[in-house]
Amino acid sequence: MAVIEKIPAAKLIHKIPGGGFFLTTTESLFKWGKASSLWPMTFGLACCAFEMIAAGASRFDIDRFGAGVFRASPRQCDVMIVAGTICVKMNDCIRRLYAQMPEPKYVIAMGNCAISGGIFYYDTYSVTKGMESLGIAVDVFIPGCPPRPENLLVGLMKLQEKIRNEKDAAG
Amino acid sequence: MRPDEVFAVIRAKFSEAKEETGTNGIIIPKESLLEVSRYLKNLPLAFDNLHCITAIDRKEKMELVYTLYSIREHHGVTLKTYLTLEDLNVASLSKVWKSANWLEREVYDLFGVVFLNHPDLRRILNPYDWKGFPLRKDYSHPELIAKPRL
């Protein structure tokens, strides 16, 4: 198998027969680079955070997909993995962190709590009913309570797919 | 010391202390709570660790529960105080045990019991602008979605 077929964006790359270089659009190259180098934020809210940590550690190794550099500052990130229950007291904090992230930015809602409130949907006064009720658009939802690290990796690949298929280039 | 021995020591000093039926809890009237606490902190009982403060809303009254432990003597005791719903004020124990500071803030936050002479009586778990006291039986919240009963 040729090396070119192993590249995720292989369809976007056209090889000139016998040539030592290839032609592509700068857009698809940028998008490929962007998707292959996501910088998530260190941001665990509840038990889903442990699955995220496990995904970051050597056994599941999220670094294989280029998203292993968890940064402790929102200003250095482009993916916010909301891993866990969002308490009402946390609302302002999440909004502020999201606003501090530079564009382009993406949000992964990991686990049932971040999607809709999960098991805290009924009879709870202190839990926000999911990420979208905060007015923040979510790119990928990963259901599960909590989702396994493999599910997070699948969600990450879905996000990469989404970035590669984005309409405008530089974002 | 066994719980009944602890009770006997307290009873010898404070005649108003009663034993709760069914538990090993010791009921103290709220007026003498501070005095009893100061006595318990020192020898001979030496309760140096205030484990937990919580409250129970019994609808007709509010029950305050203090769980104490002695690291030095390896014995424990449960103190209880009954408050009427009209007068939810009680003396703060934060001068006696430092751990009472945050524990009392928690009880204030969730039950609305006011601790007099507390150094910093703010909410601790809920947002500072929160309305109401969530663990009271009559609490309701506009965004609370009741679970459908099948």
# chains A, B, ... in the order shown; residues from 1 in each chain; ligands from 1
call {"tool": "interface_residues", "arguments": {"of": "chain A", "to": "chain B", "cutoff": "7 Å", "atoms": "only C-alpha atoms", "output": "list in words"}}
result
Lys89, Tyr122, Asp123, Thr124 and Tyr125 of chain A
call {"tool": "write_last_selection", "arguments": {"atoms": "N, CA and C atoms", "output": "PDB file, in the first residue's frame"}}
result
ATOM      1  N   LYS A  89     -23.371  26.382  39.870  1.00  0.00           N
ATOM      2  CA  LYS A  89     -22.294  27.277  40.299  1.00  0.00           C
ATOM      3  C   LYS A  89     -21.166  27.319  39.270  1.00  0.00           C
ATOM      4  N   TYR A 122     -33.913  14.855  36.618  1.00  0.00           N
ATOM      5  CA  TYR A 122     -35.120  14.990  37.445  1.00  0.00           C
ATOM      6  C   TYR A 122     -34.758  15.336  38.890  1.00  0.00           C
ATOM      7  N   ASP A 123     -35.635  16.090  39.528  1.00  0.00           N
ATOM      8  CA  ASP A 123     -35.576  16.323  40.979  1.00  0.00           C
ATOM      9  C   ASP A 123     -34.246  16.899  41.450  1.00  0.00           C
ATOM     10  N   THR A 124     -33.590  17.669  40.624  1.00  0.00           N
ATOM     11  CA  THR A 124     -32.319  18.241  41.043  1.00  0.00           C
ATOM     12  C   THR A 124     -32.357  19.748  40.858  1.00  0.00           C
ATOM     13  N   TYR A 125     -31.943  20.457  41.871  1.00  0.00           N
ATOM     14  CA  TYR A 125     -31.989  21.910  41.808  1.00  0.00           C
ATOM     15  C   TYR A 125     -30.669  22.516  41.386  1.00  0.00           C
TER      16      TYR A 125
END
call {"tool": "residues_around", "arguments": {"residues": "Glu106 (chain B)", "least_positions_apart": "3", "cutoff": "8 Å", "atoms": "only C-alpha atoms", "output": "list in words"}}
result
Trp102, Leu103, Asp109, Leu110, Arg123, Ile124 and Leu125 of chain B
call {"tool": "residues_around", "arguments": {"residues": "Lys105 (chain A)", "least_positions_apart": "5", "cutoff": "9 Å", "atoms": "only C-alpha atoms", "output": "PyMOL selection string"}}
result
chain A and resi 77-80+98
call {"tool": "write_last_selection", "arguments": {"atoms": "N, CA and C atoms", "output": "PDB file, in the first residue's frame"}}
result
ATOM      1  N   CYS A  77      -5.911  26.540  23.854  1.00  0.00           N
ATOM      2  CA  CYS A  77      -6.674  25.349  23.487  1.00  0.00           C
ATOM      3  C   CYS A  77      -7.570  25.631  22.302  1.00  0.00           C
ATOM      4  N   ASP A  78      -7.953  24.552  21.609  1.00  0.00           N
ATOM      5  CA  ASP A  78      -9.020  24.720  20.638  1.00  0.00           C
ATOM      6  C   ASP A  78     -10.149  23.713  20.808  1.00  0.00           C
ATOM      7  N   VAL A  79     -10.022  22.765  21.721  1.00  0.00           N
ATOM      8  CA  VAL A  79     -11.124  21.855  22.004  1.00  0.00           C
ATOM      9  C   VAL A  79     -11.434  21.904  23.490  1.00  0.00           C
ATOM     10  N   MET A  80     -12.718  22.039  23.797  1.00  0.00           N
ATOM     11  CA  MET A  80     -13.138  21.972  25.190  1.00  0.00           C
ATOM     12  C   MET A  80     -13.890  20.655  25.359  1.00  0.00           C
ATOM     13  N   TYR A  98     -14.936  29.296  27.926  1.00  0.00           N
ATOM     14  CA  TYR A  98     -15.222  29.163  26.496  1.00  0.00           C
ATOM     15  C   TYR A  98     -14.919  30.476  25.771  1.00  0.00           C
TER      16      TYR A  98
END
call {"tool": "residues_around", "arguments": {"residues": "Glu51 (chain A)", "least_positions_apart": "6", "cutoff": "8 Å", "atoms": "only C-alpha atoms", "output": "PyMOL selection string"}}
result
chain A and resi 146-149
call {"tool": "closest_residue", "arguments": {"among": "B:Val36, B:Arg136, B:Val77, B:Ala100", "to": "Leu121 (chain B)", "atoms": "only C-alpha atoms"}}
result
B:Ala100
call {"tool": "residues_around", "arguments": {"residues": "region 61-67 of chain B", "least_positions_apart": "3", "cutoff": "6 Å", "atoms": "only C-alpha atoms", "output": "list of chain:residue names"}}
result
B:His51, B:Cys52, B:Ile53, B:Thr54, B:Ala55, B:Ile56, B:Asp57, B:Arg58, B:Thr78, B:Leu79, B:Lys80, B:Thr81, B:Tyr82, B:Leu83, B:Thr84, B:Leu85
call {"tool": "residues_around", "arguments": {"residues": "Pro119 (chain B)", "least_positions_apart": "5", "cutoff": "9 Å", "atoms": "only C-alpha atoms", "output": "PyMOL selection string"}}
result
chain B and resi 92+94-95+101
call {"tool": "write_last_selection", "arguments": {"atoms": "N, CA and C atoms", "output": "PDB file, in the first residue's frame"}}
result
ATOM      1  N   SER B  92     -22.774  29.534  67.481  1.00  0.00           N
ATOM      2  CA  SER B  92     -21.748  28.903  66.644  1.00  0.00           C
ATOM      3  C   SER B  92     -20.684  28.244  67.516  1.00  0.00           C
ATOM      4  N   SER B  94     -17.686  27.574  66.232  1.00  0.00           N
ATOM      5  CA  SER B  94     -16.431  27.727  65.493  1.00  0.00           C
ATOM      6  C   SER B  94     -15.294  28.245  66.365  1.00  0.00           C
ATOM      7  N   LYS B  95     -15.625  28.809  67.528  1.00  0.00           N
ATOM      8  CA  LYS B  95     -14.554  29.206  68.445  1.00  0.00           C
ATOM      9  C   LYS B  95     -14.011  27.998  69.196  1.00  0.00           C
ATOM     10  N   ASN B 101     -16.454  25.890  61.393  1.00  0.00           N
ATOM     11  CA  ASN B 101     -16.637  27.047  60.515  1.00  0.00           C
ATOM     12  C   ASN B 101     -17.322  26.652  59.203  1.00  0.00           C
TER      13      ASN B 101
END
call {"tool": "select_by_dssp", "arguments": {"residues": "chain B", "states": "helix (DSSP H, G or I)", "output": "NGL selection string"}}
result
:B and (3-13 or 30-41 or 100-111)
call {"tool": "write_last_selection", "arguments": {"atoms": "N, CA and C atoms", "output": "compact mmCIF listing (two decimals), in the first residue's frame"}}
result
# COMPACT_ATOMS: atom_id res chain seq x y z
N PRO B 3 -20.33 4.39 74.87
CA PRO B 3 -21.27 5.52 74.78
C PRO B 3 -22.04 5.79 76.08
N ASP B 4 -22.42 4.73 76.82
CA ASP B 4 -23.17 4.97 78.05
C ASP B 4 -22.29 5.60 79.13
N GLU B 5 -20.99 5.28 79.11
CA GLU B 5 -20.07 5.89 80.06
C GLU B 5 -19.87 7.37 79.75
N VAL B 6 -19.77 7.66 78.44
CA VAL B 6 -19.65 9.06 78.03
C VAL B 6 -20.88 9.84 78.48
N PHE B 7 -22.05 9.22 78.27
CA PHE B 7 -23.29 9.89 78.67
C PHE B 7 -23.32 10.14 80.17
N ALA B 8 -22.84 9.14 80.94
CA ALA B 8 -22.85 9.29 82.39
C ALA B 8 -21.97 10.47 82.84
N VAL B 9 -20.83 10.63 82.17
CA VAL B 9 -19.93 11.75 82.51
C VAL B 9 -20.60 13.09 82.20
N ILE B 10 -21.25 13.16 81.01
CA ILE B 10 -21.92 14.42 80.64
C ILE B 10 -23.09 14.69 81.58
N ARG B 11 -23.82 13.64 81.90
CA ARG B 11 -25.01 13.79 82.74
C ARG B 11 -24.65 14.27 84.15
N ALA B 12 -23.48 13.80 84.63
CA ALA B 12 -23.04 14.21 85.97
C ALA B 12 -22.79 15.71 86.03
N LYS B 13 -22.36 16.29 84.91
CA LYS B 13 -22.04 17.72 84.87
C LYS B 13 -23.27 18.56 84.47
N LYS B 30 -30.63 23.96 73.33
CA LYS B 30 -29.72 24.80 72.54
C LYS B 30 -29.07 25.90 73.37
N GLU B 31 -29.69 26.24 74.52
CA GLU B 31 -29.10 27.28 75.36
C GLU B 31 -27.76 26.84 75.93
N SER B 32 -27.63 25.56 76.25
CA SER B 32 -26.39 25.11 76.90
C SER B 32 -25.42 24.45 75.92
N LEU B 33 -25.69 24.58 74.62
CA LEU B 33 -24.84 23.90 73.63
C LEU B 33 -23.38 24.35 73.70
N LEU B 34 -23.18 25.66 73.78
CA LEU B 34 -21.82 26.19 73.78
C LEU B 34 -21.06 25.75 75.02
N GLU B 35 -21.77 25.80 76.15
CA GLU B 35 -21.16 25.41 77.42
C GLU B 35 -20.77 23.93 77.42
N VAL B 36 -21.67 23.09 76.92
CA VAL B 36 -21.41 21.65 76.85
C VAL B 36 -20.23 21.38 75.93
N SER B 37 -20.18 22.11 74.79
CA SER B 37 -19.10 21.91 73.83
C SER B 37 -17.74 22.23 74.45
N ARG B 38 -17.70 23.33 75.20
CA ARG B 38 -16.42 23.71 75.82
C ARG B 38 -15.98 22.64 76.82
N TYR B 39 -16.97 22.06 77.50
CA TYR B 39 -16.63 21.01 78.47
C TYR B 39 -16.12 19.76 77.74
N LEU B 40 -16.79 19.40 76.62
CA LEU B 40 -16.42 18.17 75.90
C LEU B 40 -15.04 18.28 75.27
N LYS B 41 -14.66 19.49 74.88
CA LYS B 41 -13.38 19.68 74.20
C LYS B 41 -12.20 19.30 75.10
N ALA B 100 -15.80 23.60 62.69
CA ALA B 100 -17.20 24.00 62.70
C ALA B 100 -17.47 25.14 61.73
N ASN B 101 -16.45 25.89 61.39
CA ASN B 101 -16.64 27.05 60.52
C ASN B 101 -17.32 26.65 59.20
N TRP B 102 -16.71 25.77 58.44
CA TRP B 102 -17.28 25.39 57.15
C TRP B 102 -18.49 24.49 57.30
N LEU B 103 -18.49 23.64 58.33
CA LEU B 103 -19.64 22.74 58.52
C LEU B 103 -20.89 23.55 58.82
N GLU B 104 -20.74 24.60 59.62
CA GLU B 104 -21.90 25.44 59.93
C GLU B 104 -22.34 26.23 58.70
N ARG B 105 -21.37 26.63 57.88
CA ARG B 105 -21.75 27.31 56.64
C ARG B 105 -22.57 26.38 55.75
N GLU B 106 -22.19 25.11 55.74
CA GLU B 106 -22.94 24.15 54.92
C GLU B 106 -24.36 23.98 55.43
N VAL B 107 -24.50 23.86 56.75
CA VAL B 107 -25.85 23.70 57.32
C VAL B 107 -26.68 24.95 57.07
N TYR B 108 -26.03 26.11 57.16
CA TYR B 108 -26.74 27.36 56.85
C TYR B 108 -27.18 27.39 55.39
N ASP B 109 -26.29 26.97 54.52
CA ASP B 109 -26.56 27.00 53.08
C ASP B 109 -27.75 26.10 52.73
N LEU B 110 -27.79 24.93 53.29
CA LEU B 110 -28.78 23.94 52.86
C LEU B 110 -30.05 23.94 53.71
N PHE B 111 -29.95 24.36 54.97
CA PHE B 111 -31.13 24.31 55.85
C PHE B 111 -31.56 25.67 56.37
call {"tool": "select_by_dssp", "arguments": {"residues": "region 40-169 of chain A", "states": "strand (DSSP E)", "output": "PDB file with C-alpha atoms, in the first residue's frame"}}
result
ATOM      1  CA  VAL A  79     -11.124  21.855  22.004  1.00  0.00           C
ATOM      2  CA  MET A  80     -13.138  21.972  25.190  1.00  0.00           C
ATOM      3  CA  ILE A  81     -13.992  18.465  26.362  1.00  0.00           C
ATOM      4  CA  VAL A  82     -16.801  19.013  28.861  1.00  0.00           C
ATOM      5  CA  ALA A  83     -16.359  15.860  30.920  1.00  0.00           C
ATOM      6  CA  TYR A 106     -14.789  23.220  19.255  1.00  0.00           C
ATOM      7  CA  VAL A 107     -16.792  21.665  22.074  1.00  0.00           C
ATOM      8  CA  ILE A 108     -17.181  17.980  22.856  1.00  0.00           C
ATOM      9  CA  ALA A 109     -19.955  17.173  25.329  1.00  0.00           C
ATOM     10  CA  MET A 110     -18.739  13.986  26.981  1.00  0.00           C
ATOM     11  CA  VAL A 140     -19.830  16.274  19.133  1.00  0.00           C
ATOM     12  CA  PHE A 141     -21.998  14.518  21.700  1.00  0.00           C
ATOM     13  CA  ILE A 142     -20.598  11.368  23.285  1.00  0.00           C
TER      14      ILE A 142
END
